[in-house]
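J.: For reference, this is target-v3.txt, and it has compact mmCIF, C-alpha atoms.
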```txt
# COMPACT_ATOMS: atom_id res chain seq x y z
CA MET X 390 90.30 100.71 -58.03
CA PRO X 391 91.35 101.93 -61.51
CA LEU X 392 91.32 105.71 -61.95
CA SER X 393 91.82 105.86 -65.73
CA PRO X 394 90.57 102.47 -66.93
CA TRP X 395 90.82 101.53 -70.61
CA PHE X 396 89.05 98.41 -71.87
CA LEU X 397 90.54 97.20 -75.16
CA LEU X 398 87.75 95.24 -76.86
CA LEU X 399 89.03 93.31 -79.86
CA GLU X 400 87.06 91.29 -82.40
CA PHE X 401 88.93 87.98 -82.66
CA SER X 402 86.82 86.02 -85.09
CA SER X 403 87.59 84.13 -88.27
CA ARG X 404 85.54 86.66 -90.25
CA GLY X 405 87.25 87.95 -93.36
CA TYR X 406 89.84 86.32 -95.58
CA GLY X 407 91.90 84.03 -93.32
CA GLY X 408 90.71 85.76 -90.15
CA PHE X 409 91.75 89.17 -91.48
CA PHE X 410 89.99 91.25 -88.83
CA ALA X 411 91.35 89.17 -85.95
CA TYR X 412 94.97 89.48 -87.02
CA VAL X 413 94.84 93.09 -88.17
CA GLY X 414 93.05 94.13 -84.99
CA LYS X 415 95.56 92.21 -82.89
CA TYR X 416 98.63 93.87 -84.38
CA TRP X 417 97.17 97.31 -84.92
CA SER X 418 96.01 97.53 -81.31
CA THR X 419 99.63 97.43 -80.11
CA ALA X 420 99.89 101.06 -81.24
CA LEU X 421 97.73 101.97 -78.24
CA PHE X 422 100.40 101.35 -75.63
CA PRO X 423 102.80 104.24 -76.41
CA ALA X 424 99.82 106.57 -75.86
CA LEU X 425 99.17 105.24 -72.34
CA LEU X 426 100.52 106.78 -69.15
CA GLN X 427 102.19 104.68 -66.47
CA LYS X 428 99.26 105.31 -64.11
CA ASP X 429 96.66 104.12 -66.64
CA TRP X 430 94.92 100.81 -66.12
CA VAL X 431 94.07 98.65 -69.11
CA ALA X 432 92.25 95.36 -69.66
CA LEU X 433 92.02 93.17 -72.76
CA GLU X 434 88.82 91.48 -73.88
CA THR X 435 88.11 89.63 -77.13
CA PHE X 436 84.85 88.58 -78.72
CA ASP X 437 83.36 86.51 -81.49
CA MET X 438 80.04 84.89 -80.59
CA ARG X 439 80.84 85.56 -76.91
CA THR X 440 83.25 87.69 -74.89
CA ARG X 441 86.41 86.58 -73.08
CA VAL X 442 88.47 88.68 -70.65
CA GLU X 443 92.02 87.81 -71.69
CA VAL X 444 93.74 90.14 -69.21
CA ASP X 445 91.99 91.87 -66.31
CA PHE X 446 92.78 95.45 -65.30
CA THR X 447 96.48 96.02 -64.77
CA GLN X 448 99.02 98.83 -64.95
CA ASN X 449 101.54 96.38 -66.40
CA LYS X 450 101.31 97.12 -70.13
CA ASP X 451 103.66 94.22 -70.94
CA GLU X 452 101.12 91.82 -69.44
CA VAL X 453 98.48 93.08 -71.85
CA MET X 454 100.91 92.91 -74.77
CA GLN X 455 101.62 89.28 -73.90
CA GLY X 456 97.88 88.69 -73.82
CA LEU X 457 97.69 89.97 -77.40
CA TYR X 458 100.60 87.80 -78.49
CA ARG X 459 98.86 84.71 -77.05
CA LEU X 460 95.98 85.16 -79.49
CA TYR X 461 96.77 82.69 -82.27
CA PHE X 462 93.84 81.05 -84.03
CA PRO X 463 90.39 82.67 -84.15
CA GLY X 464 87.63 80.11 -83.82
CA PHE X 465 84.14 81.25 -84.77
CA SER X 466 83.15 83.53 -87.64
CA GLU X 467 80.46 85.28 -85.60
CA SER X 468 81.03 88.87 -84.44
CA ASN X 469 78.34 89.82 -81.92
CA VAL X 470 79.59 93.36 -81.43
CA PHE X 471 76.40 94.77 -79.85
CA ASP X 472 76.36 92.12 -77.11
CA ALA X 473 80.10 92.49 -76.58
CA ILE X 474 79.90 96.25 -76.04
CA LEU X 475 76.98 96.00 -73.63
CA GLU X 476 78.65 93.22 -71.65
CA THR X 477 81.81 95.31 -71.37
CA VAL X 478 79.84 98.37 -70.26
CA ALA X 479 78.22 96.19 -67.57
CA ARG X 480 81.65 95.06 -66.36
CA LEU X 481 82.66 98.71 -65.94
CA LYS X 482 79.55 99.64 -63.95
CA ASP X 483 81.25 99.68 -60.54
CA VAL X 484 84.64 100.91 -61.76
CA GLN X 485 85.55 104.46 -60.73
CA GLY X 486 87.18 107.08 -62.95
CA LYS X 487 86.91 108.09 -66.60
CA LYS X 488 85.91 104.79 -68.13
CA SER X 489 86.48 104.08 -71.81
CA ILE X 490 86.20 101.19 -74.25
CA VAL X 491 88.41 101.04 -77.34
CA VAL X 492 86.72 98.76 -79.90
CA LEU X 493 88.56 97.32 -82.90
CA ALA X 494 86.13 95.42 -85.09
CA SER X 495 84.83 94.74 -88.56
CA GLY X 496 81.68 96.74 -87.81
CA VAL X 497 79.47 93.79 -88.74
CA ASP X 498 77.12 92.28 -86.17
CA THR X 499 76.21 88.64 -86.77
CA PHE X 500 73.34 87.72 -84.44
CA SER X 501 73.57 89.58 -81.13
CA LYS X 502 70.73 89.11 -78.69
CA HIS X 503 70.43 92.90 -78.60
CA THR X 504 69.33 94.96 -81.58
CA LEU X 505 70.93 98.26 -82.55
CA ASP X 506 68.03 100.21 -80.99
CA GLN X 507 68.31 98.27 -77.73
CA THR X 508 72.04 98.85 -77.69
CA MET X 509 71.61 102.59 -78.23
CA LYS X 510 69.05 102.81 -75.45
CA GLN X 511 71.40 101.23 -72.93
CA LEU X 512 74.41 103.22 -74.07
CA ARG X 513 72.55 106.50 -73.61
CA GLN X 514 72.34 105.67 -69.91
CA SER X 515 76.03 104.82 -69.64
CA ASP X 516 78.90 107.02 -68.45
CA VAL X 517 81.41 105.06 -70.57
CA THR X 518 83.12 106.73 -73.53
CA ILE X 519 83.40 104.44 -76.54
CA PHE X 520 86.10 104.75 -79.18
CA CYS X 521 85.25 102.71 -82.29
CA ILE X 522 87.95 101.77 -84.79
CA GLY X 523 86.39 100.12 -87.83
CA LEU X 524 88.60 97.85 -89.90
CA GLY X 525 86.33 97.75 -92.97
CA ARG X 526 88.43 100.14 -95.05
CA ALA X 527 91.57 98.12 -94.43
CA PHE X 528 89.71 95.06 -95.69
CA GLN X 529 88.56 96.99 -98.75
CA GLU X 530 92.18 97.85 -99.47
CA LEU X 531 93.06 94.15 -99.25
CA CYS X 532 90.22 93.33 -101.64
CA ARG X 533 91.40 96.01 -104.05
CA HIS X 534 94.97 94.76 -103.87
CA GLU X 535 93.86 91.20 -104.50
CA ARG X 536 91.50 92.35 -107.30
CA TRP X 537 88.34 91.27 -105.46
CA ASN X 538 85.08 93.03 -105.96
CA GLY X 539 84.22 94.70 -102.63
CA GLN X 540 80.58 93.71 -103.01
CA HIS X 541 81.51 90.02 -103.12
CA ALA X 542 84.28 89.83 -100.58
CA PRO X 543 85.44 86.45 -99.17
CA HIS X 544 83.22 84.79 -96.57
CA GLY X 545 80.29 86.95 -97.70
CA LEU X 546 81.54 89.99 -95.78
CA PRO X 547 80.04 93.30 -96.90
CA ALA X 548 82.70 95.73 -98.00
CA GLY X 549 82.13 98.34 -95.33
CA GLY X 550 80.04 97.26 -92.36
CA LYS X 551 79.87 100.39 -90.17
CA SER X 552 78.04 99.50 -87.00
CA ALA X 553 80.76 101.56 -85.34
CA GLN X 554 79.29 104.74 -86.83
CA ASN X 555 75.90 103.86 -85.37
CA ILE X 556 77.44 103.12 -81.96
CA ARG X 557 79.30 106.42 -82.01
CA ALA X 558 76.23 108.37 -83.06
CA GLY X 559 74.13 106.93 -80.23
CA ASN X 560 76.52 107.51 -77.37
CA ARG X 561 79.26 109.76 -76.13
CA GLY X 562 81.96 108.42 -78.40
CA TYR X 563 84.17 108.69 -81.45
CA SER X 564 84.99 106.61 -84.50
CA TRP X 565 87.83 106.17 -86.98
CA PHE X 566 88.12 104.06 -90.12
CA PRO X 567 91.86 103.72 -90.86
CA GLN X 568 93.03 102.12 -94.07
CA PHE X 569 96.68 101.45 -93.23
CA ALA X 570 98.66 100.45 -90.13
CA GLY X 571 100.63 103.69 -90.26
CA GLU X 572 97.51 105.62 -89.28
CA MET X 573 97.12 103.85 -85.94
CA PRO X 574 99.61 105.84 -83.82
CA ASP X 575 97.77 109.08 -84.67
CA VAL X 576 94.41 107.42 -83.98
CA PHE X 577 95.47 106.31 -80.52
CA ARG X 578 97.12 109.64 -79.76
CA SER X 579 93.75 111.22 -80.55
CA VAL X 580 92.03 108.72 -78.24
CA ALA X 581 94.44 109.58 -75.43
CA ALA X 582 94.05 113.33 -76.03
CA PHE X 583 90.25 113.07 -75.80
CA LEU X 584 90.50 111.33 -72.44
CA ARG X 585 93.15 113.67 -71.01
CA HIS X 586 90.95 116.70 -71.73
CA GLN X 587 87.59 115.41 -70.53
CA TYR X 588 85.63 117.20 -67.84
CA SER X 589 83.16 115.63 -65.43
CA ILE X 590 79.96 117.53 -64.70
CA SER X 591 76.88 116.60 -62.71
CA TYR X 592 73.23 117.50 -63.12
CA SER X 593 70.25 117.38 -60.76
CA PRO X 594 66.77 117.91 -62.26
CA SER X 595 65.01 120.84 -60.59
CA HIS X 596 61.56 119.24 -60.74
CA GLY X 597 62.76 115.97 -59.21
CA ALA X 598 60.36 113.95 -61.33
CA LYS X 599 60.49 110.18 -61.10
CA ASP X 600 58.47 109.15 -64.12
CA GLY X 601 60.71 106.36 -65.45
CA LYS X 602 61.19 108.21 -68.75
CA PHE X 603 64.32 109.23 -70.64
CA HIS X 604 65.00 112.96 -70.28
CA LYS X 605 67.28 114.77 -72.71
CA VAL X 606 69.97 117.09 -71.39
CA LYS X 607 71.67 119.73 -73.54
CA VAL X 608 75.15 120.95 -72.58
CA GLU X 609 76.27 124.38 -73.81
CA LEU X 610 79.24 126.65 -73.21
CA VAL X 611 78.21 130.16 -72.23
CA ALA X 612 80.10 133.39 -71.68
CA PRO X 613 80.07 135.21 -68.30
CA ASP X 614 77.26 137.45 -69.61
CA GLY X 615 75.12 134.41 -70.38
CA GLY X 616 75.55 134.61 -74.14
CA PRO X 617 77.25 132.08 -76.42
CA LEU X 618 80.90 131.49 -75.57
CA SER X 619 83.39 132.61 -78.22
CA ILE X 620 86.80 130.93 -78.25
CA VAL X 621 89.72 132.60 -80.01
CA ASP X 622 93.33 131.62 -80.60
CA GLN X 623 96.41 133.72 -79.78
CA LYS X 624 95.86 135.75 -82.94
CA GLY X 625 92.25 136.52 -82.03
CA LYS X 626 90.80 134.20 -84.68
CA LYS X 627 87.57 132.48 -83.69
CA GLN X 628 87.88 128.74 -83.14
CA LYS X 629 85.17 126.16 -83.69
CA TYR X 630 84.40 123.70 -80.93
CA GLN X 631 82.14 120.72 -80.44
CA ILE X 632 80.69 119.38 -77.20
CA TYR X 633 80.46 115.62 -76.61
CA ALA X 634 78.22 114.66 -73.70
CA ARG X 635 75.52 112.21 -72.72
CA GLU X 636 72.22 112.85 -74.40
CA GLY X 637 70.35 112.61 -71.12
CA TYR X 638 69.41 110.30 -68.28
CA GLN X 639 66.87 107.60 -67.48
CA SER X 640 64.69 108.69 -64.58
CA VAL X 641 63.91 106.14 -61.88
CA LYS X 642 60.17 105.53 -61.65
CA SER X 643 58.59 106.50 -58.36
CA GLY X 644 58.18 103.54 -56.06
CA VAL X 645 61.02 101.55 -57.64
CA GLY X 646 63.82 100.92 -55.15
CA ASP X 647 62.16 103.05 -52.47
```
Now that the file is in, can you turn its structure into C-alpha cells?
T.:
Amino acid sequence: MPLSPWFLLLEFSSRGYGGFFAYVGKYWSTALFPALLQKDWVALETFDMRTRVEVDFTQNKDEVMQGLYRLYFPGFSESNVFDAILETVARLKDVQGKKSIVVLASGVDTFSKHTLDQTMKQLRQSDVTIFCIGLGRAFQELCRHERWNGQHAPHGLPAGGKSAQNIRAGNRGYSWFPQFAGEMPDVFRSVAAFLRHQYSISYSPSHGAKDGKFHKVKVELVAPDGGPLSIVDQKGKKQKYQIYAREGYQSVKSGVGD
C-alpha cells in the first residue's frame, strides 16, 4: 500500500487556444519528478468531461513520464474540475499514508455535477491535501504576447478562472499561479517541502456527540506554560508561522451504522 502517495491530476481538454492548458499542463508537470523521492508513489489521472486513470500508483517515475508523453490530442473542451477532484479523493479513500493531489488546470469548471459548495463540503471531510496549480496566468501571458484582449480570449475562456483559489480556501491545501515554465521547479519543491514537514494528529470529541452535524476544530500551537507559542530563529528574531489543518469533522448521526 502506498505510504507517500501523490495523485497528479491534469486537465487534458481542448480548452484554450489549440488546447493550451492540456499541453502546458502536460509539459510543466514533468518538473514534479525531480522533487520526488525514490520511495514515493505517484499516479497520473487526466480529466476533461470525465476522469481517466492513465497510470495507477507506481514507484517507477519513468512509467508516469511515459504516461504523460502518450497524451497527444485532447478531445473535449469541457473541464469538470469539481467532479474530477471529488472522484480522485474517493479513489484515495482506502489508501494509507499522507495522501495528496496535485492539480494542474485552467481553474474553469464547465458543468460538473457538483457545485462549488457541494465540493467544499466534501473536501472538509477529507484527509487529502490538495495542491492547486492554476494555468490562467500563463494563458494571459500568451494572450498578451499575441495581442489578444484577456476579456475576449479564444474559445470564450475567461482570462483568469480561479476555481483553484476556492478549492484551496475550502480545504487543507495550497495554490500557485505561475506565469512561466521556469517557475515550476520551485513550485514543486515547495509542494514536496510541505509534504515532508507535515504532522499527523488525531482528535476525539470529549462529549462523544453523534448528531450528524459538522463540528469545527481549531488547531493552535501553545507553549509549555499554556500560552501562545513563540518561534525564534538562531538570532532570536521572532518568526511568523501559519497552521494548515482540517476545519473540522462530520459527526456520524446516532443510529447510523450501529
J.: Given the choices X:Pro423, X:Phe462, X:Ala473, X:Gly414, which gets closest to X:Asp437 if the distance is worked out from only C-alpha atoms?
T.: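 Ranking X:Pro423, X:Phe462, X:Ala473, X:Gly414 by distance to X:Asp437, first place goes to X:Ala473.
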J.: Give the centre and edge lengths of an axis-aligned box, in Å to one decimal, that holds all listed atoms of stretch 576-579 of chain X with 6 Å on each side, as lines of an AutoDock Vina configuration file.
T.:
```
center_x = 95.4
center_y = 108.8
center_z = -81.9
size_x = 15.4
size_y = 16.9
size_z = 16.2
```
J.: Which is closer to X:Gly571 than all the others in X:Thr419, X:Ser468, X:Gln427, X:Thr518, using all atoms listed in the file?
T.: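 So, comparing all the options, the nearest one is X:Thr419.
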J.: Nearest to X:Ser564: which of X:Gly456, X:Gly464, X:Pro394, X:Gly496 is it, counting all atoms listed in the file?
T.: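 Closest candidate: X:Gly496.
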J.: Could you check the closest approach to X:Pro567 for each of X:Ala494, X:Gln448, X:Gly486, X:Ile590 and tell me which residue wins, using all atoms listed in the file?
T.: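 The closest residue to X:Pro567 is X:Ala494.
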J.: For each of X:Phe436, X:His604, X:Ser579, X:Ser495, take the minimum atom-to-atom distance to X:Val641, counting all atoms listed in the file, then give the residue where this is smallest.
T.: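 For X:Val641, the nearest of the given residues is X:His604.
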J.: Please reconstruct the missing atoms of stretch 513-524 of chain X (target: all heavy atoms) and return them as a PDB file, in the coordinates of the input.
T.:
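What ended up in result_5.pdb:
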```pdb
ATOM      1  N   ARG X 513      72.915 105.130 -73.983  1.00  0.00           N
ATOM      2  CA  ARG X 513      72.550 106.500 -73.610  1.00  0.00           C
ATOM      3  C   ARG X 513      72.533 106.689 -72.100  1.00  0.00           C
ATOM      4  O   ARG X 513      72.640 107.809 -71.605  1.00  0.00           O
ATOM      5  CB  ARG X 513      71.184 106.858 -74.201  1.00  0.00           C
ATOM      6  CG  ARG X 513      71.216 107.187 -75.679  1.00  0.00           C
ATOM      7  CD  ARG X 513      69.952 107.956 -76.087  1.00  0.00           C
ATOM      8  NE  ARG X 513      68.749 107.173 -75.894  1.00  0.00           N
ATOM      9  CZ  ARG X 513      68.174 106.436 -76.837  1.00  0.00           C
ATOM     10  NH1 ARG X 513      68.725 106.374 -78.039  1.00  0.00           N
ATOM     11  NH2 ARG X 513      67.070 105.763 -76.589  1.00  0.00           N
ATOM     12  N   GLN X 514      72.373 105.592 -71.372  1.00  0.00           N
ATOM     13  CA  GLN X 514      72.340 105.670 -69.910  1.00  0.00           C
ATOM     14  C   GLN X 514      73.714 105.409 -69.294  1.00  0.00           C
ATOM     15  O   GLN X 514      73.859 105.415 -68.074  1.00  0.00           O
ATOM     16  CB  GLN X 514      71.338 104.654 -69.372  1.00  0.00           C
ATOM     17  CG  GLN X 514      69.935 104.831 -69.933  1.00  0.00           C
ATOM     18  CD  GLN X 514      68.999 103.714 -69.519  1.00  0.00           C
ATOM     19  OE1 GLN X 514      69.022 103.259 -68.384  1.00  0.00           O
ATOM     20  NE2 GLN X 514      68.175 103.256 -70.451  1.00  0.00           N
ATOM     21  N   SER X 515      74.700 105.183 -70.127  1.00  0.00           N
ATOM     22  CA  SER X 515      76.030 104.820 -69.640  1.00  0.00           C
ATOM     23  C   SER X 515      76.927 106.040 -69.498  1.00  0.00           C
ATOM     24  O   SER X 515      76.760 107.045 -70.199  1.00  0.00           O
ATOM     25  CB  SER X 515      76.663 103.808 -70.606  1.00  0.00           C
ATOM     26  OG  SER X 515      78.028 103.629 -70.328  1.00  0.00           O
ATOM     27  N   ASP X 516      77.904 105.956 -68.589  1.00  0.00           N
ATOM     28  CA  ASP X 516      78.900 107.020 -68.450  1.00  0.00           C
ATOM     29  C   ASP X 516      80.243 106.581 -69.046  1.00  0.00           C
ATOM     30  O   ASP X 516      81.289 107.121 -68.717  1.00  0.00           O
ATOM     31  CB  ASP X 516      79.088 107.394 -66.981  1.00  0.00           C
ATOM     32  CG  ASP X 516      79.542 106.217 -66.122  1.00  0.00           C
ATOM     33  OD1 ASP X 516      79.548 105.072 -66.619  1.00  0.00           O
ATOM     34  OD2 ASP X 516      79.883 106.433 -64.936  1.00  0.00           O
ATOM     35  N   VAL X 517      80.198 105.589 -69.938  1.00  0.00           N
ATOM     36  CA  VAL X 517      81.410 105.060 -70.570  1.00  0.00           C
ATOM     37  C   VAL X 517      81.595 105.709 -71.940  1.00  0.00           C
ATOM     38  O   VAL X 517      80.657 105.788 -72.731  1.00  0.00           O
ATOM     39  CB  VAL X 517      81.328 103.532 -70.739  1.00  0.00           C
ATOM     40  CG1 VAL X 517      82.575 102.992 -71.427  1.00  0.00           C
ATOM     41  CG2 VAL X 517      81.134 102.857 -69.382  1.00  0.00           C
ATOM     42  N   THR X 518      82.798 106.186 -72.215  1.00  0.00           N
ATOM     43  CA  THR X 518      83.120 106.730 -73.530  1.00  0.00           C
ATOM     44  C   THR X 518      83.607 105.592 -74.418  1.00  0.00           C
ATOM     45  O   THR X 518      84.454 104.797 -74.017  1.00  0.00           O
ATOM     46  CB  THR X 518      84.226 107.791 -73.429  1.00  0.00           C
ATOM     47  OG1 THR X 518      83.807 108.834 -72.541  1.00  0.00           O
ATOM     48  CG2 THR X 518      84.518 108.396 -74.793  1.00  0.00           C
ATOM     49  N   ILE X 519      83.054 105.516 -75.625  1.00  0.00           N
ATOM     50  CA  ILE X 519      83.400 104.440 -76.540  1.00  0.00           C
ATOM     51  C   ILE X 519      84.138 104.983 -77.751  1.00  0.00           C
ATOM     52  O   ILE X 519      83.677 105.928 -78.397  1.00  0.00           O
ATOM     53  CB  ILE X 519      82.143 103.670 -76.998  1.00  0.00           C
ATOM     54  CG1 ILE X 519      81.440 103.063 -75.780  1.00  0.00           C
ATOM     55  CG2 ILE X 519      82.500 102.588 -78.012  1.00  0.00           C
ATOM     56  CD1 ILE X 519      80.184 102.302 -76.124  1.00  0.00           C
ATOM     57  N   PHE X 520      85.300 104.398 -78.021  1.00  0.00           N
ATOM     58  CA  PHE X 520      86.100 104.750 -79.180  1.00  0.00           C
ATOM     59  C   PHE X 520      86.052 103.577 -80.153  1.00  0.00           C
ATOM     60  O   PHE X 520      86.544 102.495 -79.843  1.00  0.00           O
ATOM     61  CB  PHE X 520      87.551 105.034 -78.786  1.00  0.00           C
ATOM     62  CG  PHE X 520      87.692 106.162 -77.794  1.00  0.00           C
ATOM     63  CD1 PHE X 520      87.742 105.904 -76.436  1.00  0.00           C
ATOM     64  CD2 PHE X 520      87.766 107.476 -78.227  1.00  0.00           C
ATOM     65  CE1 PHE X 520      87.873 106.934 -75.517  1.00  0.00           C
ATOM     66  CE2 PHE X 520      87.888 108.522 -77.317  1.00  0.00           C
ATOM     67  CZ  PHE X 520      87.945 108.250 -75.967  1.00  0.00           C
ATOM     68  N   CYS X 521      85.430 103.782 -81.311  1.00  0.00           N
ATOM     69  CA  CYS X 521      85.250 102.710 -82.290  1.00  0.00           C
ATOM     70  C   CYS X 521      86.271 102.862 -83.421  1.00  0.00           C
ATOM     71  O   CYS X 521      86.360 103.925 -84.038  1.00  0.00           O
ATOM     72  CB  CYS X 521      83.851 102.741 -82.873  1.00  0.00           C
ATOM     73  SG  CYS X 521      82.547 102.418 -81.671  1.00  0.00           S
ATOM     74  N   ILE X 522      87.001 101.798 -83.676  1.00  0.00           N
ATOM     75  CA  ILE X 522      87.950 101.770 -84.790  1.00  0.00           C
ATOM     76  C   ILE X 522      87.500 100.675 -85.736  1.00  0.00           C
ATOM     77  O   ILE X 522      87.641  99.487 -85.461  1.00  0.00           O
ATOM     78  CB  ILE X 522      89.384 101.524 -84.285  1.00  0.00           C
ATOM     79  CG1 ILE X 522      89.786 102.624 -83.299  1.00  0.00           C
ATOM     80  CG2 ILE X 522      90.361 101.459 -85.464  1.00  0.00           C
ATOM     81  CD1 ILE X 522      91.120 102.385 -82.614  1.00  0.00           C
ATOM     82  N   GLY X 523      86.897 101.077 -86.850  1.00  0.00           N
ATOM     83  CA  GLY X 523      86.390 100.120 -87.830  1.00  0.00           C
ATOM     84  C   GLY X 523      87.490  99.692 -88.790  1.00  0.00           C
ATOM     85  O   GLY X 523      88.264 100.522 -89.265  1.00  0.00           O
ATOM     86  N   LEU X 524      87.546  98.406 -89.060  1.00  0.00           N
ATOM     87  CA  LEU X 524      88.600  97.850 -89.900  1.00  0.00           C
ATOM     88  C   LEU X 524      88.112  97.551 -91.319  1.00  0.00           C
ATOM     89  O   LEU X 524      88.821  96.911 -92.097  1.00  0.00           O
ATOM     90  CB  LEU X 524      89.153  96.571 -89.259  1.00  0.00           C
ATOM     91  CG  LEU X 524      89.676  96.732 -87.825  1.00  0.00           C
ATOM     92  CD1 LEU X 524      90.125  95.385 -87.276  1.00  0.00           C
ATOM     93  CD2 LEU X 524      90.808  97.746 -87.761  1.00  0.00           C
TER      94      LEU X 524
END
```
